[in-house]
$ cat query-v5.txt   # compact mmCIF, C-alpha atoms
# COMPACT_ATOMS: atom_id res chain seq x y z
CA MET R 1 -1.05 56.39 -28.22
CA THR R 2 1.60 53.68 -27.88
CA THR R 3 1.95 51.59 -31.03
CA THR R 4 2.30 47.80 -31.09
CA THR R 5 5.88 48.16 -32.32
CA GLU R 6 6.76 50.41 -29.41
CA GLN R 7 5.13 47.99 -26.98
CA LEU R 8 7.13 45.05 -28.34
CA SER R 9 10.38 47.00 -28.31
CA ALA R 10 9.84 47.67 -24.63
CA THR R 11 9.40 43.97 -23.77
CA THR R 12 12.22 41.55 -23.05
CA LEU R 13 13.25 38.65 -25.26
CA LEU R 14 13.38 35.06 -24.00
CA ARG R 15 15.07 32.30 -25.98
CA PHE R 16 13.88 28.88 -24.91
CA ALA R 17 14.01 25.29 -26.13
CA THR R 18 11.74 22.30 -25.69
CA ALA R 19 13.12 18.79 -25.19
CA GLY R 20 12.01 15.38 -24.00
CA SER R 21 11.73 11.76 -25.04
CA VAL R 22 9.84 10.50 -28.09
CA ASP R 23 6.06 11.03 -27.96
CA ASP R 24 6.18 13.04 -24.75
CA GLY R 25 4.24 15.75 -26.59
CA LYS R 26 6.76 18.52 -27.30
CA SER R 27 5.32 19.59 -30.64
CA THR R 28 1.77 19.40 -29.29
CA LEU R 29 2.79 21.63 -26.36
CA VAL R 30 4.35 24.15 -28.72
CA GLY R 31 1.29 24.06 -30.98
CA ARG R 32 -1.01 24.54 -28.00
CA LEU R 33 1.15 27.40 -26.74
CA LEU R 34 0.98 29.15 -30.12
CA HIS R 35 -2.73 28.41 -30.62
CA ASP R 36 -3.99 29.42 -27.19
CA SER R 37 -1.84 32.56 -27.07
CA LYS R 38 -3.32 33.52 -30.47
CA SER R 39 0.13 33.58 -32.08
CA ILE R 40 -0.73 31.75 -35.31
CA LEU R 41 -2.33 33.08 -38.47
CA THR R 42 -5.70 31.91 -39.79
CA ASP R 43 -4.21 30.37 -42.92
CA GLN R 44 -1.68 28.42 -40.81
CA LEU R 45 -4.49 26.98 -38.68
CA GLU R 46 -6.51 26.13 -41.77
CA ALA R 47 -3.53 24.29 -43.26
CA VAL R 48 -3.15 22.26 -40.06
CA GLU R 49 -6.87 21.45 -40.07
CA ARG R 50 -6.66 20.19 -43.68
CA ALA R 51 -3.57 18.11 -42.92
CA SER R 52 -5.25 16.64 -39.85
CA LEU R 53 -8.36 15.67 -41.84
CA ASN R 54 -6.18 14.01 -44.46
CA ARG R 55 -4.72 11.87 -41.66
CA GLY R 56 -8.21 10.91 -40.45
CA GLN R 57 -8.20 13.14 -37.37
CA GLU R 58 -11.34 15.07 -36.50
CA ALA R 59 -9.64 17.71 -34.32
CA PRO R 60 -6.64 19.78 -35.52
CA ASP R 61 -3.29 18.18 -34.65
CA LEU R 62 -1.48 21.18 -33.21
CA ALA R 63 1.86 19.36 -33.42
CA LEU R 64 1.78 20.03 -37.17
CA LEU R 65 2.34 23.74 -36.48
CA THR R 66 5.99 22.95 -35.79
CA ASP R 67 6.54 19.63 -37.57
CA GLY R 68 6.98 21.13 -41.02
CA LEU R 69 9.02 18.46 -42.83
CA ARG R 70 7.11 15.85 -44.82
CA ALA R 71 8.94 13.02 -43.01
CA GLU R 72 7.98 14.57 -39.67
CA ARG R 73 4.30 14.70 -40.57
CA GLU R 74 4.26 11.19 -42.05
CA GLN R 75 5.99 9.61 -39.05
CA GLY R 76 4.49 11.84 -36.36
CA ILE R 77 7.92 12.72 -34.97
CA THR R 78 10.18 15.75 -34.85
CA ILE R 79 13.46 15.42 -36.79
CA ASP R 80 14.84 18.91 -37.26
CA VAL R 81 14.95 21.88 -34.89
CA ALA R 82 11.90 24.05 -35.58
CA TYR R 83 12.28 27.72 -34.66
CA ARG R 84 9.21 29.80 -33.96
CA TYR R 85 8.91 33.48 -33.14
CA PHE R 86 5.94 34.83 -31.21
CA ALA R 87 5.09 37.52 -28.71
CA THR R 88 2.63 38.39 -25.98
CA ALA R 89 1.99 41.76 -24.38
CA ARG R 90 4.61 40.95 -21.75
CA ARG R 91 7.49 39.36 -23.67
CA ARG R 92 8.88 38.31 -27.04
CA PHE R 93 9.98 34.70 -27.59
CA ILE R 94 12.30 32.69 -29.82
CA LEU R 95 11.41 29.02 -29.44
CA ALA R 96 13.45 26.02 -30.56
CA ASP R 97 11.38 22.82 -30.73
CA THR R 98 14.00 20.04 -30.63
CA PRO R 99 13.66 16.32 -31.49
CA GLY R 100 13.17 13.59 -28.89
CA HIS R 101 14.79 10.64 -30.67
CA VAL R 102 18.19 9.60 -29.32
CA GLN R 103 19.70 9.83 -32.82
CA TYR R 104 18.70 13.52 -33.00
CA THR R 105 20.19 14.56 -29.66
CA ARG R 106 22.71 16.62 -31.66
CA ASN R 107 19.81 18.86 -32.68
CA MET R 108 18.89 19.41 -29.04
CA VAL R 109 22.45 20.65 -28.49
CA THR R 110 21.96 23.10 -31.35
CA GLY R 111 18.61 24.36 -30.08
CA ALA R 112 19.66 24.74 -26.44
CA SER R 113 23.09 26.29 -27.06
CA THR R 114 21.68 29.84 -27.02
CA ALA R 115 18.63 29.18 -24.81
CA GLU R 116 18.03 30.89 -21.49
CA LEU R 117 15.36 28.35 -20.53
CA ALA R 118 14.69 24.72 -21.40
CA VAL R 119 11.31 23.01 -21.15
CA VAL R 120 11.84 19.27 -20.60
CA LEU R 121 8.70 17.21 -21.12
CA VAL R 122 7.97 13.93 -19.37
CA ASP R 123 5.04 11.59 -20.09
CA ALA R 124 3.17 11.22 -16.79
CA ARG R 125 2.65 7.51 -17.55
CA ASN R 126 6.34 6.72 -18.19
CA GLY R 127 8.14 9.03 -15.78
CA VAL R 128 11.80 9.96 -16.10
CA VAL R 129 13.52 7.85 -18.78
CA GLU R 130 17.09 7.78 -20.11
CA GLN R 131 16.44 10.40 -22.78
CA THR R 132 14.96 12.70 -20.12
CA ARG R 133 18.19 12.38 -18.15
CA ARG R 134 20.24 12.96 -21.30
CA HIS R 135 18.35 16.18 -22.08
CA ALA R 136 18.76 17.36 -18.48
CA ALA R 137 22.49 16.67 -18.74
CA VAL R 138 22.77 18.58 -22.02
CA ALA R 139 20.88 21.54 -20.51
CA ALA R 140 23.25 21.50 -17.53
CA LEU R 141 26.32 21.23 -19.76
CA LEU R 142 25.16 24.17 -21.87
CA ARG R 143 24.60 26.22 -18.70
CA VAL R 144 20.90 26.84 -19.42
CA PRO R 145 19.99 28.83 -16.28
CA HIS R 146 16.28 27.90 -16.06
CA VAL R 147 14.73 24.46 -16.56
CA VAL R 148 10.99 23.76 -16.60
CA LEU R 149 9.83 20.18 -16.03
CA ALA R 150 6.50 19.86 -17.85
CA VAL R 151 4.81 16.63 -16.72
CA ASN R 152 2.56 16.06 -19.73
CA LYS R 153 -0.48 13.85 -20.40
CA MET R 154 -1.84 14.32 -16.89
CA ASP R 155 -5.28 13.60 -18.37
CA LEU R 156 -4.14 10.01 -18.95
CA VAL R 157 -3.36 9.49 -15.24
CA ASP R 158 -6.63 11.05 -14.06
CA TYR R 159 -4.84 14.29 -13.09
CA ALA R 160 -3.45 12.49 -10.02
CA GLU R 161 -1.21 14.63 -7.82
CA PRO R 162 0.92 11.66 -6.56
CA ALA R 163 1.91 10.79 -10.15
CA PHE R 164 3.10 14.35 -10.72
CA ALA R 165 4.83 14.64 -7.34
CA ALA R 166 6.86 11.44 -7.79
CA ILE R 167 8.17 12.51 -11.22
CA ALA R 168 8.90 16.06 -10.04
CA GLU R 169 10.87 14.78 -7.05
CA GLU R 170 12.95 12.35 -9.12
CA PHE R 171 13.75 14.84 -11.88
CA THR R 172 14.49 17.72 -9.51
CA ALA R 173 16.95 15.62 -7.52
CA TYR R 174 18.68 14.49 -10.73
CA ALA R 175 18.89 17.96 -12.31
CA ALA R 176 20.03 19.55 -9.05
CA SER R 177 22.88 17.02 -8.83
CA LEU R 178 24.00 18.28 -12.26
CA GLY R 179 24.11 21.83 -10.93
CA VAL R 180 20.99 23.20 -12.63
CA PRO R 181 20.30 26.36 -10.60
CA GLU R 182 16.52 26.62 -11.05
CA ILE R 183 13.93 23.91 -11.72
CA THR R 184 10.18 24.58 -11.99
CA ALA R 185 7.77 21.64 -12.27
CA ILE R 186 4.35 22.15 -13.93
CA PRO R 187 1.66 19.46 -14.47
CA ILE R 188 0.06 19.87 -17.91
CA SER R 189 -2.00 18.28 -20.65
CA ALA R 190 -0.82 19.75 -23.94
CA LEU R 191 -3.60 18.00 -25.86
CA ALA R 192 -6.37 19.35 -23.62
CA GLY R 193 -4.69 22.66 -22.86
CA ASP R 194 -4.44 22.20 -19.08
CA ASN R 195 -1.93 24.63 -17.50
CA VAL R 196 -0.38 25.57 -20.84
CA VAL R 197 -1.89 29.03 -21.31
CA GLU R 198 -4.96 28.77 -19.11
CA PRO R 199 -5.07 27.26 -15.58
CA SER R 200 -6.49 23.76 -15.39
CA ALA R 201 -9.92 23.13 -13.89
CA HIS R 202 -8.91 19.51 -13.21
CA MET R 203 -5.90 20.12 -10.95
CA ASP R 204 -7.03 22.35 -8.11
CA TRP R 205 -4.22 20.87 -6.02
CA TYR R 206 -1.68 22.78 -8.16
CA GLY R 207 -1.24 26.43 -7.30
CA GLY R 208 1.76 27.35 -9.46
CA PRO R 209 1.98 29.20 -12.79
CA THR R 210 0.95 27.96 -16.21
CA VAL R 211 3.68 27.34 -18.75
CA LEU R 212 3.06 30.67 -20.52
CA GLU R 213 2.82 32.59 -17.26
CA HIS R 214 6.19 31.20 -16.19
CA LEU R 215 7.74 31.98 -19.58
CA GLU R 216 6.44 35.55 -19.33
CA THR R 217 7.71 36.17 -15.81
CA VAL R 218 10.95 34.19 -15.45
CA PRO R 219 13.80 36.68 -14.93
CA VAL R 220 16.09 37.12 -17.93
CA SER R 221 19.07 38.72 -16.30
CA HIS R 222 21.85 37.55 -18.64
CA ASP R 223 23.59 40.59 -20.06
CA LEU R 224 26.38 40.06 -22.60
CA THR R 225 27.70 43.55 -21.91
CA ALA R 226 28.53 42.56 -18.33
CA CYS R 227 30.81 39.71 -19.46
CA HIS R 228 34.53 39.77 -20.23
CA ALA R 229 34.95 41.79 -23.43
CA ARG R 230 35.85 39.61 -26.43
CA PHE R 231 36.05 40.47 -30.15
CA PRO R 232 36.89 37.65 -32.61
CA VAL R 233 38.25 39.13 -35.84
CA GLN R 234 36.29 37.93 -38.84
CA TYR R 235 37.67 40.03 -41.68
CA VAL R 236 40.43 42.58 -42.26
CA ILE R 237 39.28 45.64 -44.23
CA ARG R 238 41.95 47.34 -46.36
CA PRO R 239 40.27 49.39 -49.15
CA GLN R 240 43.57 51.00 -50.32
CA SER R 241 41.46 53.40 -52.36
CA ALA R 242 42.07 57.07 -53.15
CA GLU R 243 39.45 57.99 -50.55
CA HIS R 244 40.83 55.63 -47.86
CA PRO R 245 44.50 55.03 -48.72
CA ASP R 246 45.61 54.09 -45.19
CA TYR R 247 42.41 52.61 -43.71
CA ARG R 248 42.90 49.34 -41.83
CA GLY R 249 39.96 47.98 -39.84
CA TYR R 250 39.12 44.68 -38.21
CA ALA R 251 35.52 43.60 -38.71
CA GLY R 252 33.47 41.12 -36.70
CA GLN R 253 30.76 40.66 -34.12
CA ILE R 254 31.48 41.52 -30.49
CA ALA R 255 31.04 38.19 -28.66
CA ALA R 256 30.75 39.70 -25.19
CA GLY R 257 31.37 42.86 -23.21
CA VAL R 258 31.97 46.48 -24.20
CA PHE R 259 34.76 48.14 -26.20
CA ARG R 260 35.61 51.86 -26.07
CA VAL R 261 37.79 54.18 -28.12
CA GLY R 262 41.04 54.81 -26.23
CA GLU R 263 40.98 51.43 -24.50
CA ALA R 264 44.13 49.32 -24.36
CA VAL R 265 43.62 45.87 -25.89
CA SER R 266 45.65 42.71 -26.41
CA VAL R 267 45.74 40.84 -29.70
CA LEU R 268 45.63 37.11 -29.08
CA PRO R 269 47.26 34.68 -29.45
CA SER R 270 50.30 36.89 -30.22
CA GLY R 271 49.93 38.90 -27.01
CA ARG R 272 50.77 42.24 -28.64
CA THR R 273 49.10 45.27 -27.06
CA THR R 274 47.75 48.40 -28.69
CA THR R 275 44.98 50.98 -28.34
CA ILE R 276 41.59 51.34 -30.01
CA THR R 277 41.61 54.53 -32.07
CA GLY R 278 38.19 54.17 -33.70
CA ILE R 279 35.04 52.05 -33.89
CA ASP R 280 32.84 52.06 -37.01
CA ALA R 281 29.25 50.81 -36.74
CA LEU R 282 26.68 51.02 -39.55
CA GLY R 283 28.89 53.40 -41.49
CA GLU R 284 29.39 55.85 -38.63
CA SER R 285 32.14 56.36 -36.07
CA VAL R 286 31.12 55.68 -32.47
CA ASP R 287 32.93 55.93 -29.16
CA ILE R 288 31.54 52.74 -27.65
CA ALA R 289 30.20 49.39 -28.89
CA TRP R 290 28.86 46.34 -27.13
CA ALA R 291 27.76 42.74 -27.72
CA PRO R 292 26.29 41.53 -29.97
CA GLN R 293 26.92 44.46 -32.35
CA SER R 294 28.82 43.93 -35.59
CA VAL R 295 31.50 46.61 -35.90
CA THR R 296 34.87 47.47 -37.38
CA ILE R 297 37.62 48.32 -34.90
CA ARG R 298 40.64 50.47 -35.80
CA LEU R 299 43.89 50.21 -33.84
CA ALA R 300 46.80 52.54 -33.17
CA ASP R 301 49.53 50.15 -34.35
CA ASP R 302 49.96 48.16 -37.55
CA ILE R 303 50.02 44.70 -35.98
CA ASP R 304 49.85 41.48 -37.98
CA ILE R 305 46.20 40.56 -37.36
CA SER R 306 44.09 38.16 -39.39
CA ARG R 307 40.84 36.21 -39.23
CA GLY R 308 40.70 34.12 -36.07
CA ASP R 309 42.65 36.52 -33.85
CA LEU R 310 40.91 37.79 -30.71
CA LEU R 311 40.86 41.30 -29.24
CA ALA R 312 40.40 41.56 -25.47
CA PRO R 313 41.11 44.21 -22.82
CA ALA R 314 44.79 44.28 -21.97
CA ASP R 315 44.01 43.79 -18.27
CA ASP R 316 41.33 41.13 -18.79
CA SER R 317 42.55 38.70 -21.44
CA PRO R 318 41.92 34.93 -21.52
CA ALA R 319 44.81 32.51 -21.14
CA VAL R 320 46.43 31.27 -24.34
CA THR R 321 46.95 27.51 -24.54
CA ARG R 322 47.47 24.59 -26.89
CA ASP R 323 46.11 22.04 -24.42
CA VAL R 324 42.31 22.14 -24.23
CA GLU R 325 40.50 20.22 -21.49
CA ALA R 326 36.76 20.13 -22.03
CA THR R 327 33.49 18.28 -21.81
CA VAL R 328 32.05 17.32 -25.18
CA CYS R 329 28.74 16.02 -26.45
CA HIS R 330 29.58 13.73 -29.35
CA VAL R 331 27.07 14.28 -32.16
CA ALA R 332 28.48 12.34 -35.13
CA ASP R 333 27.68 8.76 -36.16
CA GLN R 334 31.39 7.99 -36.42
CA PRO R 335 33.19 7.66 -33.05
CA LEU R 336 35.75 10.05 -31.59
CA SER R 337 38.90 8.15 -30.64
CA VAL R 338 42.15 8.81 -28.81
CA GLY R 339 44.85 9.77 -31.33
CA GLN R 340 42.33 11.01 -33.89
CA ARG R 341 43.29 14.08 -35.91
CA VAL R 342 40.58 16.74 -36.03
CA LEU R 343 39.97 20.42 -36.72
CA LEU R 344 39.00 22.61 -33.76
CA LYS R 345 36.80 25.61 -34.57
CA HIS R 346 36.69 28.31 -31.90
CA THR R 347 34.84 31.54 -32.77
CA THR R 348 36.33 32.57 -36.14
CA ARG R 349 39.54 30.51 -35.74
CA THR R 350 40.01 26.95 -37.04
CA VAL R 351 43.18 25.01 -36.18
CA LYS R 352 44.49 21.48 -36.59
CA ALA R 353 44.38 19.34 -33.46
CA ILE R 354 44.73 15.81 -32.12
CA VAL R 355 42.69 14.04 -29.45
CA LYS R 356 45.31 13.26 -26.82
CA ASP R 357 43.05 11.61 -24.24
CA ILE R 358 39.45 10.75 -23.37
CA PRO R 359 39.65 10.47 -19.57
CA SER R 360 36.03 9.54 -18.94
CA ARG R 361 32.53 9.05 -20.29
CA LEU R 362 29.44 10.04 -18.32
CA THR R 363 26.98 7.32 -17.27
CA LEU R 364 23.57 8.99 -17.34
CA ASP R 365 21.82 6.63 -14.91
CA ASP R 366 23.88 7.51 -11.84
CA LEU R 367 26.12 10.33 -13.18
CA SER R 368 29.22 8.22 -12.54
CA GLN R 369 32.29 8.60 -14.75
CA HIS R 370 33.33 5.56 -16.80
CA PRO R 371 37.15 5.88 -16.90
CA ALA R 372 39.25 5.68 -20.07
CA PRO R 373 36.57 4.59 -22.55
CA GLY R 374 39.00 4.99 -25.46
CA GLN R 375 36.35 6.53 -27.68
CA LEU R 376 33.02 8.34 -27.63
CA VAL R 377 30.12 7.26 -29.83
CA ALA R 378 27.02 9.17 -30.93
CA ASN R 379 25.26 11.00 -28.07
CA ASP R 380 27.99 10.20 -25.54
CA ILE R 381 29.02 12.93 -23.11
CA GLY R 382 32.61 12.76 -21.96
CA ARG R 383 35.79 14.55 -21.00
CA VAL R 384 38.51 15.07 -23.62
CA VAL R 385 42.00 16.52 -23.80
CA VAL R 386 42.87 18.05 -27.17
CA ARG R 387 46.28 19.32 -28.29
CA THR R 388 46.13 22.06 -30.94
CA ALA R 389 48.75 22.89 -33.56
CA GLU R 390 48.39 26.62 -32.82
CA PRO R 391 47.61 28.44 -29.56
CA LEU R 392 44.03 29.40 -28.74
CA ALA R 393 42.62 32.13 -26.47
CA LEU R 394 39.86 30.13 -24.75
CA ASP R 395 37.65 31.16 -21.85
CA ALA R 396 36.09 28.65 -19.51
CA TYR R 397 32.57 27.85 -20.69
CA ALA R 398 31.24 28.66 -17.22
CA ASP R 399 32.50 32.23 -17.75
CA SER R 400 31.41 32.67 -21.37
CA ARG R 401 29.17 30.52 -23.52
CA ARG R 402 30.37 32.34 -26.65
CA THR R 403 34.15 32.12 -26.23
CA GLY R 404 34.26 28.98 -24.08
CA SER R 405 32.65 26.73 -26.70
CA PHE R 406 34.13 25.04 -29.75
CA LEU R 407 33.49 22.36 -32.36
CA LEU R 408 35.58 19.34 -33.29
CA ILE R 409 35.38 18.74 -37.04
CA ASP R 410 36.40 15.85 -39.30
CA PRO R 411 39.14 17.31 -41.58
CA ALA R 412 38.27 14.83 -44.32
CA ASP R 413 34.71 15.92 -45.04
CA GLY R 414 33.90 18.82 -42.68
CA THR R 415 31.46 16.79 -40.55
CA THR R 416 30.88 18.15 -37.05
CA LEU R 417 32.05 15.49 -34.60
CA SER R 418 31.57 17.01 -31.14
CA ALA R 419 30.36 20.16 -29.45
CA GLY R 420 32.80 21.14 -26.71
CA MET R 421 32.62 23.22 -23.53
CA ALA R 422 36.04 24.23 -22.22
CA GLY R 423 36.91 24.02 -18.55
CA ALA R 424 35.28 22.16 -15.68
CA SER R 425 32.44 19.72 -16.28
CA PHE R 426 29.03 20.24 -14.74
CA ALA R 427 29.91 17.79 -11.95
CA ALA R 428 32.55 20.19 -10.67
CA VAL R 429 30.22 23.13 -11.26
CA ALA R 430 27.50 21.41 -9.22
CA GLU R 431 29.77 21.13 -6.20
CA ALA R 432 30.68 24.79 -6.48
CA ALA R 433 27.04 25.73 -6.99
CA ASP R 434 26.08 24.17 -3.66
CA ARG R 435 28.58 26.43 -1.90
CA ALA R 436 27.60 29.57 -3.82
CA ALA R 437 23.81 29.10 -3.99
CA ALA R 438 23.11 31.55 -1.19
CA ASP R 439 25.02 34.30 -2.96
CA ASP R 440 24.12 33.72 -6.60
CA PRO R 441 21.18 31.51 -7.67
CA GLU R 442 22.19 31.58 -11.33
CA TRP R 443 25.33 30.76 -13.26
CA ASP R 444 27.57 33.63 -14.21
CA PHE R 445 27.79 33.48 -17.99

$ encode --input "query-v5.txt" --output "structure tokens"
Amino acid sequence: MTTTTEQLSATTLLRFATAGSVDDGKSTLVGRLLHDSKSILTDQLEAVERASLNRGQEAPDLALLTDGLRAEREQGITIDVAYRYFATARRRFILADTPGHVQYTRNMVTGASTAELAVVLVDARNGVVEQTRRHAAVAALLRVPHVVLAVNKMDLVDYAEPAFAAIAEEFTAYAASLGVPEITAIPISALAGDNVVEPSAHMDWYGGPTVLEHLETVPVSHDLTACHARFPVQYVIRPQSAEHPDYRGYAGQIAAGVFRVGEAVSVLPSGRTTTITGIDALGESVDIAWAPQSVTIRLADDIDISRGDLLAPADDSPAVTRDVEATVCHVADQPLSVGQRVLLKHTTRTVKAIVKDIPSRLTLDDLSQHPAPGQLVANDIGRVVVRTAEPLALDAYADSRRTGSFLLIDPADGTTLSAGMAGASFAAVAEAADRAAADDPEWDF
């Protein structure tokens, strides 16, 4: 007989994030999803029921299943990213419930950075608002391949199809112009449970999937092992003991691709080439290792390698540069200005840098570029040019989310200033996507 553990190990994993404007019902949707899929424990439900009664509510407030901070429960809003793990018979899930407030957009960037699907909620009464467009833009920037538009609170518009259709048409046109490759619109009522886990009896005009059905069946085709092989060195291991007098290994987590013993690799940014003579994983020698395994790689030559260096196949190495052109989402309260000195953190490497230029800032209403803004303030999305003190081996973000991303950090106090995506912005990607849609409906990570 197949055990539950064996069944779960055979299912795929989907990482997804929820987003949307304030009070659009994200936490209620997540709570309903967990409750109706029977993914919460009895004591958790009892705690929510007690908390709801204390707030004068007769029915359990399912939003409290994810809003765990005291400030969140008191104010009825989501502040921090809440991660939840659950599973059905068909798939395992890692869910990031992200805040809706403009000031917490930085948390949406965190939650969606590793997501393969984003659920963007819209209140059926309010339609698409600025924060909806901002979340769609962030999802497009982060190359989230699947976006679900959940038009919530349909019960408050009498389950009217025209209300849903108008919002779906507006959002789909906007997201498609950003280059989002797949958009699925679903009319729901998170409070009443319509089309969340079970089909709604009030919307017979809708023939598509429920939210859970779509989450269970959406294709998850992203395979890190099919990407360009990249290994950021995290730590150099030199025991110099009697048992291992000459051992020299380079430890870290494989960011993408596959590495094999005998393969020729380049050490970046120096550009020196050598050969892999051994790979150690979990205390044993192996002939092959792949992302996202943590391993120690041994090389044929004693090359000067330290934390922050990158190993890549000799015939498939990223370009080394000191001039980084990228799109950034500015997440700090303090602005990012031209001429500002920063630290740039890329994988395990941190270097000094200066902001040479901010060519443009994105206007969310019409996706136009505001030229030469001089600075970016909190939640702005813009293009930057950064000059680093030392060379970096950067991939384009469109090719690799892991090695094409970076952080800009305040050297004075270590505050994260901006999350950056190297290479072309989504506007350029959208134009290319129109030409390539017939051949490849999803981005190549």

$ closest_residue --input "query-v5.txt" --among "R:Ala291, R:Leu344, R:Ile188, R:Leu215" --to "Met154 of chain R" --atoms "only C-alpha atoms"
R:Ile188

$ residues_around --input "query-v5.txt" --residues "Arg307 of chain R" --least-positions-apart "4" --cutoff "10 Å" --atoms "all atoms listed in the file" --output "JSON, numbers by chain"
{"R": [232, 233, 234, 235, 236, 250, 251, 252, 347, 348, 349, 350]}

$ residues_near_point --input "query-v5.txt" --point "(2.8, 10.3, -12.7)" --cutoff "8 Å" --atoms "only C-alpha atoms" --output "list in words"
Asp123, Ala124, Arg125, Asn126, Gly127, Val151, Met154, Val157, Ala160, Glu161, Pro162, Ala163, Phe164, Ala165, Ala166 and Ile167 of chain R

$ atom_distance --input "query-v5.txt" --atom1 "atom CA of Val265 of chain R" --atom2 "atom CA of Ser294 of chain R"
17.8 Å

$ closest_residue --input "query-v5.txt" --among "R:Ser37, R:Ser113, R:Thr88, R:Asn195" --to "Ala140 of chain R" --atoms "only C-alpha atoms"
R:Ser113
